Every structure is written in structure tokens, then in C-alpha cells.
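Visitor: Before we start, here is the structure in question, set down as C-alpha cells.
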Amino acid sequence: MKMTGENGSGDSEMTMDDVTLLIKKKDEIEEQIKAYYDVLEDQGVGVEGPLVDGDGFPRADINLYQIRTARHNISCLQNDHKAIMADIEEALHKLHAREKAKREHDESEAQEEAMEQQVALPRPFARVDAVTEGSPASGAGLRVGDEVIEFGSVNTENFQNLQNIASVVQHSEGKPLRVSVIRAGQKAQMSLTPQRWAGRGLLGCNIVPVQR
């Protein structure tokens, strides 16, 4: 008995398990068809072989009932096989369409999130183009390519030139500075303490202004 409501719900919730079940039924039908073909082959008549002799009488050397039953069942099973193949194709189409829609939805959400984050982040005023291994900058986690949006008291709003950063560094030796950067589209924060080390300067990195 077909129940429209439940059937409609089932279609919308098609899963790979449903497809697997359909394929299993298809395999069973194919096995049944093969078994009936084997019967016809054993009788030596096949699907089209004559069931009467030259005089038009039923052949006595074969099992007519068994052959007719096998031929009838093959015909019915082939129709069933055609129908279930159509069901499998439709089910796979629905699964692929749903997966595609989900993937496109996820990609759209990810793009929207990235755009929202980019809008929310201030524009960088400087970029790190060199970091020396073992330096205070390296120890703080600063990386080449980081785009600076905050360096101590210097930020996007009040930055004028690199002398602003140099001044903050000179007056903050031994004191931690909060540094905020944009890295791979994400905001990252770290604590950087200007101090004497084996190399030159108090930071061990090179910062260049970003052209606006």
C-alpha cells in the first residue's frame, strides 16, 4: 500500500543506505533471472526456442510447464529490474543534488563569514617583511607577512610613519607591548617585549609601511 505522506518524506530523506538496499534488491533480481535462464538452457530451448514439434504438437522431450513458467518469470523480473534501475538512478541523483546543495551552502556561509570578518577588521598600516630567528619578535610569534593593525599605542587611526613605531619601541624597552596583526585573514594578538639580544635593535624584525 502506498502512503503518499510517508513516501514523500522518505524521498526527501534519501540516504546511501537506501541506495545500498536498492542495489541489493537489483542483485537479487539479477540472480533470479540468471536462475531461470539456467532452467531454459538445461531444457535446451532458451527464451525463443520452439515448444512444438514439426507437426505442431507439444514437444515431449521438454518440460513445457517449467519452460513457460521460467519465460514468464524472466519477463516479469526484467520489468522489475528496469524499474529498480530507474529507482537507483533517481536516488543517486537526489543524493548528489543534496550533497551539491549542501556544499554550495557551506561555501556560501564560509565566504560570508570571511567577508564579515574582513569588514570588521581595521586596515593594516604596516607589514612585517623580515623576522630574525632567536629575536624578541621571533619569540613573540611575529611572522613574515603579518599585517600590523596595532603596535602598542600605535594603531590604524593614529599611524603616520614608521617613526611612530620606533618611538614606542624606544620608550618600551623591557615592557611588553600588545601587537595585533592580520594573518591569513584572521586577527592574531601577541605580547612583544623590546629588549637587548644578540642581534641588532630591540625587536629583531623589519617592518615596512603599507601603501594606502
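As shown in the C-alpha cells, the chain order sets the letters A, B, ...; within each chain, residues go from 1, and ligands are also counted from 1 in the order they appear.
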Just the residues within 8 Å of Pro124 (chain A), please, counting only C-alpha atoms, with nothing from its chain fewer than 5 positions along; format it as a PyMOL selection string.

Guide: chain A and resi 147-149+156+181-182+210

Visitor: Would you mind reading off the distance between CA of Thr69 (chain A) and CA of Asp38 (chain A), one decimal, in Å?

Guide: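 These atoms are spaced 12.9 Å apart.
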
Visitor: Using only C-alpha atoms, which residues sit within 10 Å of Phe151 (chain A) once same-chain residues fewer than 2 positions away are excluded, as a PyMOL selection string?

Guide: chain A and resi 125-126+148-149+153-156+159+164-165+168-169+177-181+190-192

Visitor: Can I get the selected residues back with C-alpha atoms, as a short mmCIF file (atom, residue, chain, number, x, y, z; two decimals), in the first residue's frame?

Guide:
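That gives us out35.cif:
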data_model
loop_
_atom_site.label_atom_id
_atom_site.label_comp_id
_atom_site.auth_asym_id
_atom_site.auth_seq_id
_atom_site.Cartn_x
_atom_site.Cartn_y
_atom_site.Cartn_z
CA PHE A 125 49.20 50.21 8.36
CA ALA A 126 52.41 48.16 8.24
CA VAL A 148 50.09 45.16 11.62
CA ILE A 149 46.90 46.84 12.84
CA SER A 153 49.72 52.71 21.32
CA VAL A 154 50.06 52.94 17.52
CA ASN A 155 47.02 51.88 15.54
CA THR A 156 45.39 52.36 12.15
CA PHE A 159 49.73 55.90 12.44
CA ASN A 164 55.71 56.28 15.44
CA ILE A 165 56.60 52.61 15.97
CA VAL A 168 57.07 53.35 21.04
CA VAL A 169 59.81 50.70 20.93
CA LEU A 177 53.66 45.71 24.05
CA ARG A 178 50.41 44.40 22.68
CA VAL A 179 50.74 43.74 18.97
CA SER A 180 47.77 42.85 16.76
CA VAL A 181 48.18 41.60 13.22
CA MET A 190 50.73 38.66 20.81
CA SER A 191 52.84 40.27 23.50
CA LEU A 192 56.18 41.64 22.26
#

Visitor: His81 (chain A): which residues within 9 Å, counting only C-alpha atoms, same-chain residues fewer than 2 positions away excluded, as an MDAnalysis selection string?

Guide: chainID A and resid 25:26 29:30 76:79 83:86

Visitor: Write out, as a short mmCIF file (atom, residue, chain, number, x, y, z; two decimals), in the first residue's frame, the residues just selected, with all heavy atoms.

Guide:
data_model
loop_
_atom_site.label_atom_id
_atom_site.label_comp_id
_atom_site.auth_asym_id
_atom_site.auth_seq_id
_atom_site.Cartn_x
_atom_site.Cartn_y
_atom_site.Cartn_z
N LYS A 25 18.58 -5.35 -3.84
CA LYS A 25 17.39 -5.91 -4.48
C LYS A 25 17.65 -6.15 -5.96
O LYS A 25 17.20 -7.15 -6.54
CB LYS A 25 16.21 -4.95 -4.29
CG LYS A 25 15.69 -4.88 -2.87
CD LYS A 25 14.51 -3.91 -2.76
CE LYS A 25 13.99 -3.84 -1.32
NZ LYS A 25 12.86 -2.88 -1.20
N LYS A 26 18.36 -5.21 -6.60
CA LYS A 26 18.71 -5.37 -8.01
C LYS A 26 19.54 -6.64 -8.23
O LYS A 26 19.29 -7.42 -9.15
CB LYS A 26 19.49 -4.14 -8.51
CG LYS A 26 20.04 -4.28 -9.92
CD LYS A 26 21.04 -3.20 -10.23
CE LYS A 26 22.37 -3.41 -9.55
NZ LYS A 26 23.19 -4.48 -10.18
N ILE A 29 17.37 -9.70 -8.01
CA ILE A 29 16.58 -9.88 -9.24
C ILE A 29 17.44 -10.48 -10.34
O ILE A 29 17.02 -11.39 -11.07
CB ILE A 29 15.97 -8.54 -9.69
CG1 ILE A 29 14.89 -8.09 -8.71
CG2 ILE A 29 15.39 -8.64 -11.11
CD1 ILE A 29 14.34 -6.69 -8.98
N GLU A 30 18.68 -9.97 -10.46
CA GLU A 30 19.58 -10.49 -11.49
C GLU A 30 19.92 -11.97 -11.25
O GLU A 30 20.03 -12.75 -12.19
CB GLU A 30 20.86 -9.65 -11.52
CG GLU A 30 20.63 -8.24 -12.07
CD GLU A 30 21.86 -7.36 -11.96
OE1 GLU A 30 22.83 -7.78 -11.27
OE2 GLU A 30 21.86 -6.25 -12.54
N CYS A 76 8.69 -10.90 -16.30
CA CYS A 76 8.28 -10.08 -15.15
C CYS A 76 9.48 -9.50 -14.42
O CYS A 76 9.49 -8.31 -14.05
CB CYS A 76 7.44 -10.92 -14.18
SG CYS A 76 5.84 -11.43 -14.85
N LEU A 77 10.51 -10.32 -14.21
CA LEU A 77 11.70 -9.87 -13.47
C LEU A 77 12.47 -8.81 -14.25
O LEU A 77 13.06 -7.90 -13.66
CB LEU A 77 12.61 -11.07 -13.16
CG LEU A 77 12.09 -12.02 -12.07
CD1 LEU A 77 12.91 -13.31 -12.05
CD2 LEU A 77 12.13 -11.35 -10.70
N GLN A 78 12.47 -8.92 -15.58
CA GLN A 78 13.16 -7.90 -16.38
C GLN A 78 12.47 -6.54 -16.24
O GLN A 78 13.13 -5.49 -16.22
CB GLN A 78 13.21 -8.34 -17.85
CG GLN A 78 14.26 -9.41 -18.11
CD GLN A 78 14.25 -9.91 -19.54
OE1 GLN A 78 13.23 -9.82 -20.24
NE2 GLN A 78 15.38 -10.45 -20.00
N ASN A 79 11.13 -6.58 -16.14
CA ASN A 79 10.40 -5.33 -15.89
C ASN A 79 10.74 -4.77 -14.51
O ASN A 79 10.93 -3.56 -14.33
CB ASN A 79 8.89 -5.57 -15.99
CG ASN A 79 8.43 -5.80 -17.42
OD1 ASN A 79 9.07 -5.33 -18.36
ND2 ASN A 79 7.34 -6.53 -17.59
N ALA A 83 12.64 -1.22 -13.58
CA ALA A 83 12.07 -0.27 -12.63
C ALA A 83 13.04 0.06 -11.50
O ALA A 83 13.19 1.22 -11.11
CB ALA A 83 10.77 -0.83 -12.05
N ILE A 84 13.72 -0.96 -10.98
CA ILE A 84 14.62 -0.71 -9.84
C ILE A 84 15.87 0.03 -10.30
O ILE A 84 16.45 0.82 -9.54
CB ILE A 84 14.97 -2.02 -9.11
CG1 ILE A 84 15.40 -1.69 -7.67
CG2 ILE A 84 16.10 -2.79 -9.82
CD1 ILE A 84 15.42 -2.90 -6.76
N MET A 85 16.30 -0.19 -11.55
CA MET A 85 17.43 0.58 -12.07
C MET A 85 17.07 2.07 -12.15
O MET A 85 17.89 2.94 -11.86
CB MET A 85 17.83 0.05 -13.45
CG MET A 85 18.52 -1.30 -13.42
SD MET A 85 20.08 -1.28 -12.48
CE MET A 85 21.10 -0.28 -13.56
N ALA A 86 15.81 2.34 -12.53
CA ALA A 86 15.35 3.73 -12.58
C ALA A 86 15.30 4.32 -11.17
O ALA A 86 15.65 5.48 -10.96
CB ALA A 86 13.96 3.79 -13.23
#

Visitor: Tell me, in Å to one decimal, how far CA of Val52 (chain A) is from CA of Val39 (chain A).

Guide: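 A separation of 17.9 Å between them.
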
Visitor: CA of Thr193 (chain A) to CA of Gln211 (chain A): how many Å, to one decimal?

Guide: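 Separation between CA of Thr193 (chain A) and CA of Gln211 (chain A): 26.6 Å.
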
Visitor: Could you pull the residues within 7 Å of region 16-20 of chain A, counting only C-alpha atoms, minus those fewer than 3 positions along the same chain, as a list in words?

Guide: Ile23, Lys24, Ile88 and Ala91 of chain A

Visitor: Write a file of the selected residues as a PDB file, in the first residue's frame, keeping N, CA and C atoms.

Guide:
ATOM      1  N   ILE A  23      20.292  -1.494  -4.485  1.00  0.00           N
ATOM      2  CA  ILE A  23      21.293  -2.255  -5.247  1.00  0.00           C
ATOM      3  C   ILE A  23      21.246  -3.731  -4.859  1.00  0.00           C
ATOM      4  N   LYS A  24      21.038  -3.996  -3.566  1.00  0.00           N
ATOM      5  CA  LYS A  24      20.925  -5.380  -3.108  1.00  0.00           C
ATOM      6  C   LYS A  24      19.717  -6.063  -3.753  1.00  0.00           C
ATOM      7  N   ILE A  88      17.205   3.431  -8.649  1.00  0.00           N
ATOM      8  CA  ILE A  88      18.594   3.650  -8.212  1.00  0.00           C
ATOM      9  C   ILE A  88      19.142   4.936  -8.826  1.00  0.00           C
ATOM     10  N   ALA A  91      17.559   7.861  -7.095  1.00  0.00           N
ATOM     11  CA  ALA A  91      18.070   8.012  -5.728  1.00  0.00           C
ATOM     12  C   ALA A  91      19.466   8.625  -5.730  1.00  0.00           C
TER      13      ALA A  91
END

Visitor: Quick check for you: according to DSSP on this backbone, which residues of region 130-208 of chain A are classed as strand (DSSP E or B)? Reply as a list of chain:residue names.

Guide: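 Filtering region 130-208 of chain A to strand (DSSP E or B) leaves A:Ala130, A:Val131, A:Glu147, A:Val148, A:Ile149, A:Glu150, A:Phe151, A:Val154, A:Asn155, A:Leu177, A:Arg178, A:Val179, A:Ser180, A:Val181, A:Ile182, A:Arg183, A:Gln186, A:Lys187, A:Ala188, A:Gln189, A:Met190, A:Ser191, A:Leu192, A:Cys205, A:Asn206, A:Ile207, A:Val208.
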
Visitor: Tell me, as number ranges by chain, which residues lie within 10 Å of Asn63 (chain A), counting only C-alpha atoms; anything in the same chain fewer than 4 positions away does not count.

Guide: A: 40, 43, 51, 58-59, 67-68

Visitor: Would you put the residues from that selection into a file with C-alpha atoms, as a PDB file, in the first residue's frame?

Guide:
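File written: out.pdb
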ATOM      1  CA  LEU A  40      15.862 -22.758 -20.112  1.00  0.00           C
ATOM      2  CA  GLN A  43      15.943 -27.653 -21.339  1.00  0.00           C
ATOM      3  CA  LEU A  51       7.863 -25.629 -27.788  1.00  0.00           C
ATOM      4  CA  PRO A  58       3.803 -30.026 -27.852  1.00  0.00           C
ATOM      5  CA  ARG A  59       7.293 -31.407 -27.629  1.00  0.00           C
ATOM      6  CA  ILE A  67       9.796 -23.599 -19.543  1.00  0.00           C
ATOM      7  CA  ARG A  68       6.655 -21.457 -19.741  1.00  0.00           C
TER       8      ARG A  68
END

Visitor: From a DSSP pass on the backbone, collect the residues of chain A flagged as helix (DSSP H, G or I) and hand them back as a VMD selection string.

Guide: chain A and resid 4 to 12 16 to 43 64 to 120 136 to 140 162 to 170

Visitor: Would you pick out the contacts of region 197-207 of chain A at 12 Å or less, using only C-alpha atoms, so that residues sharing its chain but fewer than 5 positions from it are not included, and give the list as a count of residues only?

Guide: 45
